[in-house]
Amino acid sequence: MRQLPIRLDSRPATLIEQALTLHQDYADHIALVMIDSNGETSITYGQLFDRAANYAQALRDSGIHPGDLVALILQHGESVIYGFWGALLMGAVPSIFPFLTDKLDPARYFDSARQLIAHSGVKALITTSDLEADLRACLVGVDVEILNADRLSVGEVRRGDSASRPYKADPDSTAFLQHSSGSTGLQKGVMLSHRAVLNQVASTSAAIQLAPDDVVVSWLPLYHDMGLIAGFILPILQGIKLVLMSPFQWVRDPKMLLRAIHRHHGTLCWLPNFAYNFLATRVREADLTGLDLSSWRAAINCSEPVYAESHSAFLNRYAPYRFRDSALTTCYAMAENTFAVTQGGIDSPLKLDVVDRRTLMDDRRALPADDDAPTLTFVSNGRPIANCEVIITDENLQPMPERHIGEIALRSDSMLIGYHLRPDASAETLINGWYFTGDMGYLADGELYITGRKKDLIIVGGKNIYPQDIENLLNDIPGLHPGRATAFGVLNDALGTEDVAIVAEVEADMLGNDENRGRISREIRARVAQNTDVTARYVHLVPPKWLIKTSSGKIARRANKDKFLEEISR
């Protein structure tokens with residue numbers, strides 16, 4: 001059985017060094033299995049890095065130098081994998097951008113792409129024939145080399161180009177950029193060093209008790225930190241088998257994830273919270289015949305607030321198929337820490353913290369609830385991973401005691417260098433070695449609980465309302481699209497406080513029926529009033545695809561608030 005290449009006590013200096021070791025010592029081992037509409041393709045480490053060498057040479061031939069920024073606008077498939085590692089091998093700095101889908105407005109997408117490419121100083125862009133003409137048109141006047149991946153022959157291996165003269169990178173130099181997601185496309189480029197990434201891989205591997213026979217199965221997009229690090233870089237660097245599929249295919253056919261876990265004996269899979277509900281409700285019973293999920297030892301809930309109800313729904317649906325409740329685990333993560341900050345549920349069952357709702361809203365303290373008190377339940381995100389510290393801070397950036405709600409700050413050996421060409425943003429969030437996340441939460445018995453985003457907090461008459469709590473109340477209302485509602489605060493000038501506004505997508509035929517619209521609106525208002533002690537002044541029902549999403553697929557509250565205010569002002 002293979003030994004893990006990266007351990008806490010011994011690790012390579014750079015990603016390039018580790019790639020060359022894998023290429024030399026594990027050339028015939030399967031690195032990953034790609035699943036697409038045509039079936040499965042197995043790729044060995046030798047094939048992976050030989051084919052990446054084609055991209056490295058193509059970049060050199062185009063005048064790209066070490067340190068230059070290379071953007072990848074490619075569909076989820078082999079090309080983006082080879083392009084990413086090819087740029088790394090020759091010392092360039094790759095960054096994977098979201099691909100244009102039918103859910104995105106093309107004009108808005110290309111405008112955002114132009115702004116980001118121009119402002120970031122991208123030197124080369126690798127794309128496909130489907131997008132090349134449109135990208136060339138939108139990038140007129142921008143000094144960037146555009147390469148077409150469809151014309152790079154991945155079968156023709158240029159042996160020796162990269163392996164004979166590997167780039168000697170500084171461990172503290174930028175290896176690649178991740179981007180914080182934004183409502184209008186990618187915003188801040190997170191610069192991550194080779195050392196930070198390798199530290200993160202080692203610490204996360206220890207936290208999840210990674211073993212040589214683990215198998216990672218992932219549908220997550222590679223332009224998001226969870227997909228890029230947990231669902232791609234970590235298993236590749238660790239010599240762990242990876243089974244990869246397109247997020248766009250998974251959304252259309254969610255059972256493919258379950259079937260891949262069954263077929264490949266998958267053990268690890270990271271999922272955002274919505275995916276638990278999605279899988280629990282969108283897979284037909286007939287598609288589960290013979291399914292065995294007993295190999296799945298950790299389904300890691302990450303990147304969104306975690307809800308106990310989502311875990312319960314998933315467990316109830318898949319326990320008959322040998323999915324164990326001990327496999328329900330959590331993680332708090334962010335691109336600025338490369339990926340994981342905390343991990344929970346590996347050594348012991350996840351903790352649920354039932355707190356007094358009024359005390360939380362009025363006093364910003366998460367105190368255990370009495371039997372007859374209104375309550376809120378939070379799921380633990382676990383304890384910090386190795387070499388990572390987490391504190392809760394007040395408005396003056398001072399540490400707070402346990403069970404006091406404040407902003408989450410962290411420092412670790414896997415943090416960002418800074419934001420690419422954004423010293424203002426770096427100075428705002430990186431203070432005295434601590435990164436201030438903008439997330440709100442509390443610590444209890446050393447475990448982290450997330451309560452919401454600092455900027456999204458709605459304050460109604462002095463009560464602190466977290467919009468995700470409202471949104472979670474609405475998922476099972478008949479006629480509403482689950483997960484397609486957003487809540488935010490709208491200033492009430494007359495009262496000097498905020499009003500709660502809710503925008504929710506409903507089935508198109510519901511909008512034309514006054515009775516159905518009224519029923520849905522009344523149900524929304526009733527649930528908000530019963531569970532939050534505040535009322536929703538605005539309930540705005542909209543057709544499918546009205547809501548704006550971020551580049552990572554989350555509902556963009558700020559952008560939807562702006563769109564709502566513009567619409568009601570007409």
# chains A, B, ... in the order shown; residues from 1 in each chain; ligands from 1
>>> select_by_dssp(residues="range 147-357 of chain A", states="alpha helix (DSSP H)", output="PyMOL selection string")
chain A and resi 194-207+225+234-238+247-252+255-264+273-281+308-318+357
>>> select_by_dssp(residues="range 186-353 of chain A", states="strand (DSSP E)", output="PyMOL selection string")
chain A and resi 189-193+215-218+241-245+268-271+298-301+328-333+340-344+352-353
>>> residues_around(residues="Leu268 in chain A", least_positions_apart="4", cutoff="10 Å", atoms="only C-alpha atoms", output="PyMOL selection string")
chain A and resi 208+210+214-218+230-231+242+261+295-300+327
>>> residues_around(residues="Leu116 in chain A", least_positions_apart="2", cutoff="12 Å", atoms="only C-alpha atoms", output="ChimeraX atom specification")
/A:69,71,95,97-98,109-114,118-123,125,138-139,142,144,179,182,184-189,420-421
>>> residues_around(residues="range 170-178 of chain A", least_positions_apart="2", cutoff="6 Å", atoms="only C-alpha atoms", output="list in words")
Ala13, Thr14, Val93, Pro94, Ser95, Gly189, Val190, Met191, Leu192, Ser193, His194 and Arg195 of chain A
